[in-house]
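With mmCIF, C-alpha atoms and all ligand atoms inside, this is structure03.cif:
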```cif
data_input
#
loop_
_atom_site.label_atom_id
_atom_site.label_comp_id
_atom_site.auth_asym_id
_atom_site.auth_seq_id
_atom_site.Cartn_x
_atom_site.Cartn_y
_atom_site.Cartn_z
CA MET H 1 0.00 0.00 0.00
CA TYR H 2 1.24 3.50 -0.85
CA TRP H 3 1.12 6.11 1.90
CA ASN H 4 1.38 9.78 1.11
CA PHE H 5 2.95 11.44 4.13
CA GLY H 6 2.41 14.83 2.48
CA ASP H 7 2.26 17.59 5.05
CA ILE H 8 2.86 15.38 8.07
CA LEU H 9 6.64 15.30 7.86
CA ARG H 10 8.43 18.54 8.60
CA GLY H 11 12.13 19.14 8.21
CA PRO H 12 14.93 21.47 7.16
CA ASP H 13 13.02 22.67 4.09
CA THR H 14 9.84 23.62 5.90
CA PRO H 15 9.46 26.76 8.00
CA PRO H 16 9.79 26.36 11.76
CA PHE H 17 6.61 25.94 13.80
CA ARG H 18 5.40 29.24 15.22
CA ASP H 19 2.53 30.61 17.26
CA THR H 20 0.42 31.05 14.11
CA ASP H 21 0.28 27.23 13.89
CA GLY H 22 -2.14 27.41 16.84
CA PRO H 23 -1.30 26.11 20.30
CA LEU H 24 1.55 23.61 19.97
CA ALA H 25 1.98 20.40 21.96
CA VAL H 26 5.10 18.30 21.48
CA GLU H 27 5.99 14.72 22.35
CA ILE H 28 9.66 13.80 22.39
CA GLY H 29 10.48 10.15 21.59
CA PHE H 30 6.93 9.05 20.72
CA GLY H 31 7.92 5.43 19.94
CA ASN H 32 4.91 3.64 18.45
CA GLY H 33 2.83 6.87 18.50
CA GLU H 34 0.02 5.78 20.83
CA PHE H 35 0.35 8.76 23.16
CA LEU H 36 0.75 11.16 20.23
CA GLU H 37 -2.42 9.85 18.67
CA ARG H 38 -4.31 10.30 21.93
CA LEU H 39 -2.88 13.81 22.40
CA ALA H 40 -3.97 14.83 18.89
CA ALA H 41 -7.46 13.43 19.42
CA GLU H 42 -7.82 15.16 22.79
CA ARG H 43 -6.57 18.52 21.49
CA PRO H 44 -8.24 19.04 18.12
CA GLY H 45 -7.41 22.76 18.09
CA TYR H 46 -3.70 22.13 18.64
CA THR H 47 -0.87 21.26 16.29
CA VAL H 48 0.65 18.17 17.89
CA VAL H 49 4.29 17.61 16.96
CA GLY H 50 6.01 14.27 17.47
CA MET H 51 9.82 14.26 17.51
CA GLU H 52 11.66 10.98 17.02
CA ILE H 53 15.24 10.01 16.41
CA SER H 54 14.19 6.66 14.91
CA GLN H 55 13.21 6.78 11.24
CA TRP H 56 11.19 3.62 11.68
CA CYS H 57 9.11 5.25 14.45
CA ILE H 58 8.56 8.27 12.17
CA ALA H 59 7.15 5.97 9.48
CA LYS H 60 4.93 4.21 12.01
CA GLY H 61 3.75 7.53 13.48
CA ALA H 62 2.91 8.91 10.04
CA ARG H 63 0.88 5.80 9.17
CA ARG H 64 -0.94 6.09 12.50
CA ALA H 65 -1.77 9.76 11.87
CA LEU H 66 -3.11 8.95 8.38
CA ALA H 67 -5.05 5.89 9.47
CA GLY H 68 -6.64 7.85 12.35
CA ARG H 69 -7.30 10.85 10.04
CA LEU H 70 -5.59 13.07 12.62
CA GLU H 71 -4.84 16.14 10.55
CA ASN H 72 -3.27 18.05 13.43
CA ILE H 73 -0.25 15.70 13.75
CA ARG H 74 3.16 16.74 12.42
CA LEU H 75 6.39 14.78 12.75
CA VAL H 76 10.01 15.85 12.95
CA TRP H 77 12.72 13.27 12.44
CA GLY H 78 15.95 13.74 14.41
CA ASP H 79 17.43 14.39 17.81
CA ALA H 80 14.99 16.54 19.79
CA ARG H 81 17.81 17.87 21.98
CA TYR H 82 18.97 19.95 19.01
CA LEU H 83 15.95 20.16 16.73
CA LEU H 84 13.85 22.06 19.25
CA LYS H 85 16.09 24.96 18.31
CA TYR H 86 15.67 24.70 14.54
CA ALA H 87 12.17 23.27 14.18
CA PHE H 88 10.44 25.84 16.44
CA ASP H 89 10.35 29.59 16.73
CA GLY H 90 10.96 31.20 20.12
CA GLU H 91 8.29 30.97 22.83
CA CYS H 92 5.54 29.23 20.86
CA VAL H 93 5.16 25.76 22.44
CA SER H 94 2.51 25.21 25.13
CA GLU H 95 3.22 21.66 26.27
CA VAL H 96 6.06 19.17 25.96
CA PHE H 97 5.78 15.52 26.99
CA MET H 98 8.42 12.84 27.30
CA ASN H 99 7.33 9.32 28.20
CA CYS H 100 9.68 6.60 29.39
CA PRO H 101 12.94 7.86 27.81
CA CYS H 102 16.02 5.72 28.12
CA PRO H 103 17.73 6.97 31.35
CA TRP H 104 21.24 6.05 30.16
CA PRO H 105 22.18 4.85 33.65
CA LYS H 106 25.96 4.52 33.18
CA ARG H 107 27.93 7.59 34.22
CA ARG H 108 29.93 7.57 30.97
CA HIS H 109 26.66 7.77 28.99
CA ALA H 110 25.16 10.57 31.10
CA GLU H 111 25.55 13.13 28.33
CA ARG H 112 23.14 11.13 26.16
CA ARG H 113 20.29 11.78 28.61
CA VAL H 114 17.72 14.16 27.20
CA ALA H 115 16.80 15.92 30.44
CA ARG H 116 20.06 17.80 30.99
CA ARG H 117 20.69 21.46 31.73
CA GLU H 118 21.28 22.40 28.06
CA PHE H 119 17.93 20.86 27.19
CA ALA H 120 16.11 22.66 30.02
CA ASP H 121 17.57 25.99 28.85
CA LEU H 122 16.75 25.40 25.19
CA LEU H 123 13.25 24.28 26.09
CA ALA H 124 12.73 27.45 28.15
CA SER H 125 13.43 29.44 24.96
CA ARG H 126 10.77 27.49 23.05
CA LEU H 127 7.99 27.28 25.67
CA VAL H 128 5.41 30.03 26.08
CA LEU H 129 5.13 31.57 29.52
CA SER H 130 3.36 29.02 31.80
CA GLY H 131 4.14 26.33 29.21
CA THR H 132 4.87 22.92 30.73
CA PHE H 133 7.28 20.02 30.41
CA THR H 134 6.07 16.66 31.70
CA LEU H 135 8.26 13.61 32.14
CA VAL H 136 6.88 10.16 32.90
CA THR H 137 9.42 7.49 33.82
CA ASP H 138 9.81 4.25 35.75
CA VAL H 139 13.25 5.33 37.00
CA ASP H 140 13.07 7.14 40.35
CA TRP H 141 16.57 8.65 40.27
CA TYR H 142 16.03 9.91 36.69
CA ALA H 143 12.83 11.64 37.77
CA ALA H 144 14.67 13.23 40.72
CA GLU H 145 17.61 14.28 38.55
CA THR H 146 15.26 15.84 35.98
CA ARG H 147 13.43 17.73 38.70
CA ASP H 148 16.75 19.08 40.03
CA VAL H 149 17.94 20.08 36.55
CA PHE H 150 14.76 22.06 35.86
CA ALA H 151 14.74 23.62 39.34
CA ALA H 152 18.38 24.74 38.91
CA ALA H 153 17.70 26.33 35.50
CA GLY H 154 15.96 29.24 37.27
CA THR H 155 13.29 29.66 34.60
CA TYR H 156 10.87 26.98 35.86
CA GLU H 157 8.67 26.15 38.77
CA ALA H 158 9.63 22.48 39.10
CA GLY H 159 7.05 20.36 40.90
CA PRO H 160 7.87 17.37 43.10
CA VAL H 161 8.43 13.84 41.82
CA THR H 162 5.10 12.06 42.20
CA ARG H 163 4.38 8.36 41.97
CA ILE H 164 1.42 8.06 39.65
CA GLN H 165 -1.31 5.46 39.75
CA PRO H 166 -1.81 3.54 36.55
CA ARG H 167 -3.61 6.13 34.40
CA GLY H 168 -6.56 5.37 32.18
CA PHE H 169 -3.97 5.35 29.44
CA SER H 170 -0.42 4.02 29.30
CA THR H 171 2.29 3.96 26.66
CA LYS H 172 3.88 0.75 25.39
CA TYR H 173 6.90 1.13 27.67
CA GLU H 174 4.79 2.19 30.63
CA ARG H 175 2.76 -1.02 30.24
CA LYS H 176 5.98 -2.99 30.06
CA TRP H 177 7.31 -1.53 33.32
CA LEU H 178 3.95 -1.79 35.08
CA GLY H 179 3.77 -5.43 34.00
CA MET H 180 7.13 -5.97 35.72
CA GLY H 181 5.71 -4.51 38.94
CA ARG H 182 7.60 -1.21 38.72
CA ASP H 183 6.31 2.16 39.89
CA ILE H 184 5.78 5.04 37.48
CA TYR H 185 6.85 8.60 38.35
CA GLU H 186 5.94 11.97 36.95
CA VAL H 187 7.75 15.31 37.07
CA ARG H 188 6.21 18.52 35.78
CA ALA H 189 7.98 21.84 35.30
CA LYS H 190 6.19 25.05 34.41
CA LYS H 191 7.98 27.95 32.79
CA LYS H 192 7.75 30.93 35.06
CA LYS H 193 9.77 33.61 33.28
CA SER H 194 10.68 34.63 29.76
CA ALA H 195 13.92 33.19 28.46
CA VAL H 196 14.45 33.65 24.73
CA ARG H 197 17.93 32.60 23.70
CA GLY H 198 19.73 31.01 20.82
CA THR H 199 19.56 31.94 17.16
CA SER H 200 16.27 33.55 16.24
CA THR H 201 14.60 32.68 12.96
CA GLN H 202 15.07 36.27 11.86
CA LYS H 203 18.82 36.00 12.34
CA ILE H 204 18.92 32.74 10.41
CA ARG H 205 17.08 34.42 7.53
CA GLU H 206 19.47 37.37 7.52
CA GLU H 207 22.44 35.03 7.37
CA LEU H 208 20.79 33.12 4.54
CA GLU H 209 20.56 36.33 2.58
CA THR H 210 24.27 36.92 3.15
CA MET H 211 24.87 33.41 1.92
CA GLU H 212 22.83 34.03 -1.19
CA SER H 213 24.85 37.12 -2.05
CA ALA H 214 27.99 35.06 -1.58
CA GLU H 215 26.53 32.55 -4.03
CA SER H 216 26.12 35.26 -6.63
CA LEU H 217 29.78 36.17 -6.12
CA LEU H 218 30.61 32.58 -7.01
CA ALA H 219 28.23 32.74 -9.95
CA ALA H 220 30.40 35.46 -11.47
CA THR H 221 33.16 32.91 -12.02
CA THR H 222 33.33 32.05 -15.71
CA ALA H 223 36.82 31.20 -16.98
CA LEU H 224 36.95 27.53 -16.09
CA ASN H 225 37.69 24.34 -17.93
CA GLU H 226 37.13 20.82 -16.63
CA GLU H 227 40.65 20.47 -15.31
CA SER H 228 40.74 23.78 -13.45
CA PHE H 229 37.25 23.09 -12.13
CA ARG H 230 38.43 19.79 -10.66
CA ASP H 231 41.51 21.39 -9.12
CA LEU H 232 39.40 24.13 -7.63
CA VAL H 233 36.88 21.80 -6.07
CA ARG H 234 39.55 19.35 -4.90
CA SER H 235 41.17 22.19 -2.96
CA LEU H 236 38.25 21.98 -0.53
CA GLU H 237 39.05 18.40 0.46
CA GLY H 238 40.26 18.14 4.06
CA ASN H 239 39.48 21.78 4.92
CA GLU H 240 38.31 22.39 8.48
CA LEU H 241 36.55 25.36 10.06
CA GLU H 242 36.24 25.68 13.79
CA ASN H 243 35.03 28.23 16.31
CA SER H 244 33.30 28.07 19.69
CA ASP H 245 29.89 27.36 18.06
CA TYR H 246 30.67 24.85 15.34
CA LYS H 247 33.17 22.64 13.60
CA VAL H 248 33.01 21.87 9.88
CA VAL H 249 35.04 19.23 8.04
CA PHE H 250 35.18 18.91 4.26
CA ARG H 251 35.59 15.27 3.25
CA GLU H 252 35.72 13.50 -0.11
CA VAL H 253 34.87 15.12 -3.42
CA PHE H 254 32.91 13.18 -6.06
CA PHE H 255 32.91 14.38 -9.66
CA GLY H 256 29.97 13.96 -11.99
CA ALA H 257 29.62 14.57 -15.71
CA GLY H 258 31.06 17.79 -17.10
CA MET H 259 31.79 20.41 -14.49
CA SER H 260 29.76 19.12 -11.57
CA ALA H 261 30.88 17.88 -8.18
CA LEU H 262 29.62 16.88 -4.76
CA VAL H 263 31.66 17.62 -1.65
CA LYS H 264 30.84 15.61 1.44
CA VAL H 265 30.69 17.84 4.52
CA ILE H 266 30.19 17.22 8.24
CA SER H 267 29.04 20.09 10.47
CA ILE H 268 28.81 19.86 14.24
CA ASP H 269 26.90 22.69 15.93
CA GLU H 270 27.06 22.45 19.74
CA GLY H 271 27.06 18.66 19.43
CA PHE H 272 24.44 18.49 16.63
CA GLU H 273 26.16 16.51 13.88
CA GLN H 274 24.90 16.68 10.29
CA HIS H 275 26.31 14.92 7.22
CA TYR H 276 25.45 16.42 3.85
CA ARG H 277 26.86 17.26 0.46
CA VAL H 278 27.48 20.57 -1.22
CA LYS H 279 26.85 20.47 -4.93
CA ILE H 280 29.05 22.64 -7.16
CA VAL H 281 28.06 22.98 -10.79
CA HIS H 282 29.39 25.05 -13.66
CA ALA H 283 26.83 25.66 -16.38
CA ASP H 284 25.99 28.51 -18.78
CA GLY H 285 29.16 30.33 -17.71
CA ARG H 286 28.05 30.32 -14.07
CA LEU H 287 29.43 28.45 -11.09
CA ARG H 288 26.90 27.64 -8.40
CA ALA H 289 27.05 26.03 -4.98
CA LYS H 290 24.20 24.74 -2.83
CA THR H 291 23.40 21.92 -0.49
CA ASP H 292 22.43 18.77 -2.37
CA SER H 293 18.73 17.91 -2.52
CA VAL H 294 19.37 14.52 -0.90
CA GLY H 295 19.84 14.73 2.87
CA HIS H 296 19.13 18.43 3.22
CA PRO H 297 20.67 19.68 6.44
CA TYR H 298 19.15 22.15 8.88
CA ARG H 299 20.61 25.61 8.21
CA THR H 300 22.71 25.72 11.34
CA PRO H 301 25.56 28.23 11.70
CA GLY H 302 28.00 25.43 10.74
CA VAL H 303 26.12 24.61 7.53
CA ARG H 304 25.97 28.25 6.54
CA ALA H 305 29.68 28.63 7.28
CA SER H 306 30.45 25.65 5.03
CA LEU H 307 28.63 27.29 2.12
CA ARG H 308 30.34 30.61 2.73
CA HIS H 309 33.67 28.80 2.78
CA VAL H 310 32.96 27.10 -0.56
CA THR H 311 32.11 30.42 -2.16
CA ARG H 312 35.13 32.22 -0.69
CA LYS H 313 37.59 29.49 -1.44
CA THR H 314 36.58 28.76 -4.97
CA GLY H 315 36.39 32.47 -5.73
CA ALA H 316 39.91 33.00 -4.34
CA GLU H 317 41.35 30.19 -6.44
CA LEU H 318 40.26 31.66 -9.74
C1 LIG H 401 12.12 3.83 25.51
S1 LIG H 401 11.35 4.46 24.11
C2 LIG H 401 9.80 5.09 24.71
C3 LIG H 401 8.77 5.19 23.61
C4 LIG H 401 7.41 5.74 24.05
N1 LIG H 401 7.52 7.11 24.52
C5 LIG H 401 6.78 4.88 25.09
O1 LIG H 401 6.66 5.33 26.24
O2 LIG H 401 6.38 3.75 24.74
C6 LIG H 401 12.27 5.98 23.84
C7 LIG H 401 12.02 6.57 22.46
O3 LIG H 401 12.68 7.82 22.40
C8 LIG H 401 13.35 7.96 21.15
N2 LIG H 401 14.47 8.89 21.40
C9 LIG H 401 15.58 8.64 22.13
N3 LIG H 401 16.37 9.73 22.19
C10 LIG H 401 15.74 10.68 21.45
C11 LIG H 401 16.07 12.04 21.10
N4 LIG H 401 17.20 12.60 21.54
N5 LIG H 401 15.21 12.73 20.32
C12 LIG H 401 14.06 12.15 19.86
N6 LIG H 401 13.71 10.87 20.16
C13 LIG H 401 14.52 10.15 20.95
C14 LIG H 401 13.73 6.54 20.79
O4 LIG H 401 13.91 6.36 19.40
C15 LIG H 401 12.55 5.74 21.32
O5 LIG H 401 11.54 5.59 20.33
#
```
Translate the structure of the given file into structure tokens.
Ligand SMILES: C[S@@+](CC[C@H](N)C(=O)[O-])C[C@H]1O[C@@H](n2cnc3c(N)ncnc32)[C@H](O)[C@@H]1O
Amino acid sequence: MYWNFGDILRGPDTPPFRDTDGPLAVEIGFGNGEFLERLAAERPGYTVVGMEISQWCIAKGARRALAGRLENIRLVWGDARYLLKYAFDGECVSEVFMNCPCPWPKRRHAERRVARREFADLLASRLVLSGTFTLVTDVDWYAAETRDVFAAAGTYEAGPVTRIQPRGFSTKYERKWLGMGRDIYEVRAKKKKSAVRGTSTQKIREELETMESAESLLAATTALNEESFRDLVRSLEGNELENSDYKVVFREVFFGAGMSALVKVISIDEGFEQHYRVKIVHADGRLRAKTDSVGHPYRTPGVRASLRHVTRKTGAEL
């Protein structure tokens, strides 16, 4: 059967969610999508956004939304710890839920936990005033740690850890833990003061415009033949850019027919790693650079820096 996921999937090429999308409720790590489906049905006036790192869960969630005819569900594929920043405008989300996340119990894996200070701060920049974050977990120390993290952030009223009775509804993992006789805990934090931080959408747009003018600079390059084109593009291989916000590494170059090439690039913005390719093509006397249509990255500062670098470097070589 063919499923058309149409509008459901949102990503780097779609505008970030904003307050004009109506009240926004988000579930991080929705797994099989049961809770998301219930949330969407209970809040028909909301846009309900599910964020998942697993592509398989995204496919399952999209099928569930279509089968249930839940038109208010949207899905974002990737690591919610970073995508909250790029997929949402500032201060537009009303509710965020996280059910039964992996607690990453080993000390050496602690940085993989979602509910860390960086996350609490980023979330504060995305929640509306009085917006809430609710964690449900079977792990008592994880609930306590999350409460402490949110209390220390200074922007939340963090409620106590409460042991909850089996609710009328449970997620797949909740049922699993309840079946093993475990208790289930809940922590709720409410945003109590304004805290916009991070790159605003406006700033991203301004930088994109700068990038576009840099692209036209590159477009002015005309006197190339196939050999000089290859030398020029090859000069990017192995280049690295680094500052306190991002690191960018230019990897292998692949040449296509005529004067066309793909450069593999890795950008890491505050831990958010993206792999993509920059396409460089010479046609009709113009040299152009843009991110390849396969695996479009989010326009993070690192990604924008990589494009600026391509334009500067190839321009300088000619
Ligand atoms: C243990 S399962 C819980 C699934 C579901 N919430 C439930 O209660 O049945 C955790 C889910 O979170 C997802 N996940 C883990 N880390 C994530 C992250 N950083 N961003 C988004 N999803 C994440 C996993 O892919 C997995 O589906």
So that I can check the surroundings of Thr155 (chain H), please list as a list in words every protein, DNA and RNA residue that reaches within 6 Å of it, counting only C-alpha atoms and ignoring chain neighbours fewer than 6 positions away. Lys191, Lys192 and Lys193 of chain H
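With distances taken over all atoms listed in the file, H:Ile184 is the one residue among H:Leu232, H:Ala283, H:Ala40, H:Ile184 lying closest to ligand LIG 401 (chain H).
A straight line drawn from CA of Asp138 (chain H) to atom C4 of ligand LIG 401 (chain H) is 12.0 Å long.
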Counting all atoms listed in the file, the residue among H:Glu27, H:Glu186, H:Asp140, H:Glu71 that lies closest to ligand LIG 401 (chain H) is H:Glu27
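Computed from the coordinates, the atom C11 of ligand LIG 401 (chain H) to CA of Arg147 (chain H) distance equals 18.7 Å.
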Spatial neighbours of region 255-267 of chain H, max dist 6 Å, all atoms listed in the file, sep filter under 2 positions, as a compact mmCIF listing (two decimals) with C-alpha atoms, in the coordinates of the input:
```
# COMPACT_ATOMS: atom_id res chain seq x y z
CA GLU H 226 37.13 20.82 -16.63
CA LYS H 247 33.17 22.64 13.60
CA VAL H 248 33.01 21.87 9.88
CA VAL H 249 35.04 19.23 8.04
CA PHE H 250 35.18 18.91 4.26
CA ARG H 251 35.59 15.27 3.25
CA GLU H 252 35.72 13.50 -0.11
CA VAL H 253 34.87 15.12 -3.42
CA GLU H 273 26.16 16.51 13.88
CA GLN H 274 24.90 16.68 10.29
CA HIS H 275 26.31 14.92 7.22
CA TYR H 276 25.45 16.42 3.85
CA ARG H 277 26.86 17.26 0.46
CA VAL H 278 27.48 20.57 -1.22
CA LYS H 279 26.85 20.47 -4.93
CA ILE H 280 29.05 22.64 -7.16
CA VAL H 281 28.06 22.98 -10.79
CA HIS H 282 29.39 25.05 -13.66
CA GLY H 302 28.00 25.43 10.74
```
Using only C-alpha atoms and all ligand atoms, which residues of the polymer chains come no farther than 8 Å from ligand LIG 401 (chain H)? I'd like the answer as JSON, numbers by chain. {"H": [28, 29, 30, 31, 32, 33, 34, 35, 51, 52, 53, 54, 57, 77, 78, 79, 80, 81, 82, 98, 99, 100, 101, 102, 112, 113, 114, 170, 171, 172, 173, 174]}
Writer output for current selection, C-alpha atoms, as a PDB file, in the frame of the given file:
```
ATOM      1  CA  ILE H  28       9.660  13.800  22.390  1.00  0.00           C
ATOM      2  CA  GLY H  29      10.480  10.150  21.590  1.00  0.00           C
ATOM      3  CA  PHE H  30       6.930   9.050  20.720  1.00  0.00           C
ATOM      4  CA  GLY H  31       7.920   5.430  19.940  1.00  0.00           C
ATOM      5  CA  ASN H  32       4.910   3.640  18.450  1.00  0.00           C
ATOM      6  CA  GLY H  33       2.830   6.870  18.500  1.00  0.00           C
ATOM      7  CA  GLU H  34       0.020   5.780  20.830  1.00  0.00           C
ATOM      8  CA  PHE H  35       0.350   8.760  23.160  1.00  0.00           C
ATOM      9  CA  MET H  51       9.820  14.260  17.510  1.00  0.00           C
ATOM     10  CA  GLU H  52      11.660  10.980  17.020  1.00  0.00           C
ATOM     11  CA  ILE H  53      15.240  10.010  16.410  1.00  0.00           C
ATOM     12  CA  SER H  54      14.190   6.660  14.910  1.00  0.00           C
ATOM     13  CA  CYS H  57       9.110   5.250  14.450  1.00  0.00           C
ATOM     14  CA  TRP H  77      12.720  13.270  12.440  1.00  0.00           C
ATOM     15  CA  GLY H  78      15.950  13.740  14.410  1.00  0.00           C
ATOM     16  CA  ASP H  79      17.430  14.390  17.810  1.00  0.00           C
ATOM     17  CA  ALA H  80      14.990  16.540  19.790  1.00  0.00           C
ATOM     18  CA  ARG H  81      17.810  17.870  21.980  1.00  0.00           C
ATOM     19  CA  TYR H  82      18.970  19.950  19.010  1.00  0.00           C
ATOM     20  CA  MET H  98       8.420  12.840  27.300  1.00  0.00           C
ATOM     21  CA  ASN H  99       7.330   9.320  28.200  1.00  0.00           C
ATOM     22  CA  CYS H 100       9.680   6.600  29.390  1.00  0.00           C
ATOM     23  CA  PRO H 101      12.940   7.860  27.810  1.00  0.00           C
ATOM     24  CA  CYS H 102      16.020   5.720  28.120  1.00  0.00           C
ATOM     25  CA  ARG H 112      23.140  11.130  26.160  1.00  0.00           C
ATOM     26  CA  ARG H 113      20.290  11.780  28.610  1.00  0.00           C
ATOM     27  CA  VAL H 114      17.720  14.160  27.200  1.00  0.00           C
ATOM     28  CA  SER H 170      -0.420   4.020  29.300  1.00  0.00           C
ATOM     29  CA  THR H 171       2.290   3.960  26.660  1.00  0.00           C
ATOM     30  CA  LYS H 172       3.880   0.750  25.390  1.00  0.00           C
ATOM     31  CA  TYR H 173       6.900   1.130  27.670  1.00  0.00           C
ATOM     32  CA  GLU H 174       4.790   2.190  30.630  1.00  0.00           C
TER      33      GLU H 174
END
```
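Shortest atom-to-atom contact with Asn225 (chain H) among H:Ala158, H:Gly285, H:Pro297, H:Leu83: H:Gly285, counting all atoms listed in the file.
Here the question is which of H:Ile8, H:Leu178, H:Cys92, H:Ala87 gets nearest to Arg299 (chain H) using only C-alpha atoms, and that residue is H:Ala87.
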Could you give me, as a PyMOL selection string, the residues that have an atom at most 12 Å away from the point (15.8, 22.0, 37.3) in the coordinates of the file, using only C-alpha atoms? chain H and resi 115-121+123-124+133+143-161+187-191
Restricting the output to C-alpha atoms, write the selected residues as a PDB file, in the coordinates of the input.
```pdb
ATOM      1  CA  ALA H 115      16.800  15.920  30.440  1.00  0.00           C
ATOM      2  CA  ARG H 116      20.060  17.800  30.990  1.00  0.00           C
ATOM      3  CA  ARG H 117      20.690  21.460  31.730  1.00  0.00           C
ATOM      4  CA  GLU H 118      21.280  22.400  28.060  1.00  0.00           C
ATOM      5  CA  PHE H 119      17.930  20.860  27.190  1.00  0.00           C
ATOM      6  CA  ALA H 120      16.110  22.660  30.020  1.00  0.00           C
ATOM      7  CA  ASP H 121      17.570  25.990  28.850  1.00  0.00           C
ATOM      8  CA  LEU H 123      13.250  24.280  26.090  1.00  0.00           C
ATOM      9  CA  ALA H 124      12.730  27.450  28.150  1.00  0.00           C
ATOM     10  CA  PHE H 133       7.280  20.020  30.410  1.00  0.00           C
ATOM     11  CA  ALA H 143      12.830  11.640  37.770  1.00  0.00           C
ATOM     12  CA  ALA H 144      14.670  13.230  40.720  1.00  0.00           C
ATOM     13  CA  GLU H 145      17.610  14.280  38.550  1.00  0.00           C
ATOM     14  CA  THR H 146      15.260  15.840  35.980  1.00  0.00           C
ATOM     15  CA  ARG H 147      13.430  17.730  38.700  1.00  0.00           C
ATOM     16  CA  ASP H 148      16.750  19.080  40.030  1.00  0.00           C
ATOM     17  CA  VAL H 149      17.940  20.080  36.550  1.00  0.00           C
ATOM     18  CA  PHE H 150      14.760  22.060  35.860  1.00  0.00           C
ATOM     19  CA  ALA H 151      14.740  23.620  39.340  1.00  0.00           C
ATOM     20  CA  ALA H 152      18.380  24.740  38.910  1.00  0.00           C
ATOM     21  CA  ALA H 153      17.700  26.330  35.500  1.00  0.00           C
ATOM     22  CA  GLY H 154      15.960  29.240  37.270  1.00  0.00           C
ATOM     23  CA  THR H 155      13.290  29.660  34.600  1.00  0.00           C
ATOM     24  CA  TYR H 156      10.870  26.980  35.860  1.00  0.00           C
ATOM     25  CA  GLU H 157       8.670  26.150  38.770  1.00  0.00           C
ATOM     26  CA  ALA H 158       9.630  22.480  39.100  1.00  0.00           C
ATOM     27  CA  GLY H 159       7.050  20.360  40.900  1.00  0.00           C
ATOM     28  CA  PRO H 160       7.870  17.370  43.100  1.00  0.00           C
ATOM     29  CA  VAL H 161       8.430  13.840  41.820  1.00  0.00           C
ATOM     30  CA  VAL H 187       7.750  15.310  37.070  1.00  0.00           C
ATOM     31  CA  ARG H 188       6.210  18.520  35.780  1.00  0.00           C
ATOM     32  CA  ALA H 189       7.980  21.840  35.300  1.00  0.00           C
ATOM     33  CA  LYS H 190       6.190  25.050  34.410  1.00  0.00           C
ATOM     34  CA  LYS H 191       7.980  27.950  32.790  1.00  0.00           C
TER      35      LYS H 191
END
```
Point-to-point distance in Å for CA of Leu9 (chain H) and CA of Val76 (chain H): 6.1 Å
I want to know what sits within 10 Å of Glu91 (chain H), based on only C-alpha atoms, with residues of the same chain fewer than 4 positions away left out; could you give that as a JSON list (two decimals) with C-alpha atoms, in the coordinates of the input?
```json
[["chain", "number", "residue", "atom", "x", "y", "z"],
["H", 18, "ARG", "CA", 5.40, 29.24, 15.22],
["H", 19, "ASP", "CA", 2.53, 30.61, 17.26],
["H", 123, "LEU", "CA", 13.25, 24.28, 26.09],
["H", 124, "ALA", "CA", 12.73, 27.45, 28.15],
["H", 125, "SER", "CA", 13.43, 29.44, 24.96],
["H", 126, "ARG", "CA", 10.77, 27.49, 23.05],
["H", 127, "LEU", "CA", 7.99, 27.28, 25.67],
["H", 128, "VAL", "CA", 5.41, 30.03, 26.08],
["H", 129, "LEU", "CA", 5.13, 31.57, 29.52],
["H", 131, "GLY", "CA", 4.14, 26.33, 29.21],
["H", 194, "SER", "CA", 10.68, 34.63, 29.76],
["H", 195, "ALA", "CA", 13.92, 33.19, 28.46],
["H", 196, "VAL", "CA", 14.45, 33.65, 24.73],
["H", 197, "ARG", "CA", 17.93, 32.60, 23.70]]
```
Skip Tyr46 (chain H) itself and residues of its chain fewer than 6 positions away, then list as an mmCIF file with C-alpha atoms, keeping the file's coordinate frame all residues within 9 Å of it, counting only C-alpha atoms.
```cif
data_model
loop_
_atom_site.group_PDB
_atom_site.id
_atom_site.type_symbol
_atom_site.label_atom_id
_atom_site.label_comp_id
_atom_site.auth_asym_id
_atom_site.auth_seq_id
_atom_site.Cartn_x
_atom_site.Cartn_y
_atom_site.Cartn_z
ATOM 1 C CA ASP H 21 0.280 27.230 13.890
ATOM 2 C CA GLY H 22 -2.140 27.410 16.840
ATOM 3 C CA PRO H 23 -1.300 26.110 20.300
ATOM 4 C CA LEU H 24 1.550 23.610 19.970
ATOM 5 C CA ALA H 25 1.980 20.400 21.960
ATOM 6 C CA ALA H 40 -3.970 14.830 18.890
ATOM 7 C CA ASN H 72 -3.270 18.050 13.430
ATOM 8 C CA ILE H 73 -0.250 15.700 13.750
#
```
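Among H:Arg10, H:Arg182, H:His109, H:Lys85, the residue with the shortest atom-to-atom distance to Val49 (chain H), counting all atoms listed in the file, is H:Arg10.
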Which one is closest to Thr134 (chain H): H:Asp284, H:Asp183, H:Glu95, H:Glu42? Count all atoms listed in the file. H:Glu95
Rebuild N, CA and C atoms on region 53-57 of chain H, as an mmCIF file, keeping the file's coordinate frame?
```cif
data_model
loop_
_atom_site.group_PDB
_atom_site.id
_atom_site.type_symbol
_atom_site.label_atom_id
_atom_site.label_comp_id
_atom_site.auth_asym_id
_atom_site.auth_seq_id
_atom_site.Cartn_x
_atom_site.Cartn_y
_atom_site.Cartn_z
ATOM 1 N N ILE H 53 13.923 10.197 16.997
ATOM 2 C CA ILE H 53 15.240 10.010 16.410
ATOM 3 C C ILE H 53 15.240 8.775 15.499
ATOM 4 N N SER H 54 14.241 7.899 15.701
ATOM 5 C CA SER H 54 14.190 6.660 14.910
ATOM 6 C C SER H 54 13.331 6.867 13.669
ATOM 7 N N GLN H 55 13.919 6.599 12.515
ATOM 8 C CA GLN H 55 13.210 6.780 11.240
ATOM 9 C C GLN H 55 12.033 5.809 11.147
ATOM 10 N N TRP H 56 12.237 4.628 11.705
ATOM 11 C CA TRP H 56 11.190 3.620 11.680
ATOM 12 C C TRP H 56 9.972 4.102 12.480
ATOM 13 N N CYS H 57 10.215 4.707 13.642
ATOM 14 C CA CYS H 57 9.110 5.250 14.450
ATOM 15 C C CYS H 57 8.407 6.382 13.699
#
```
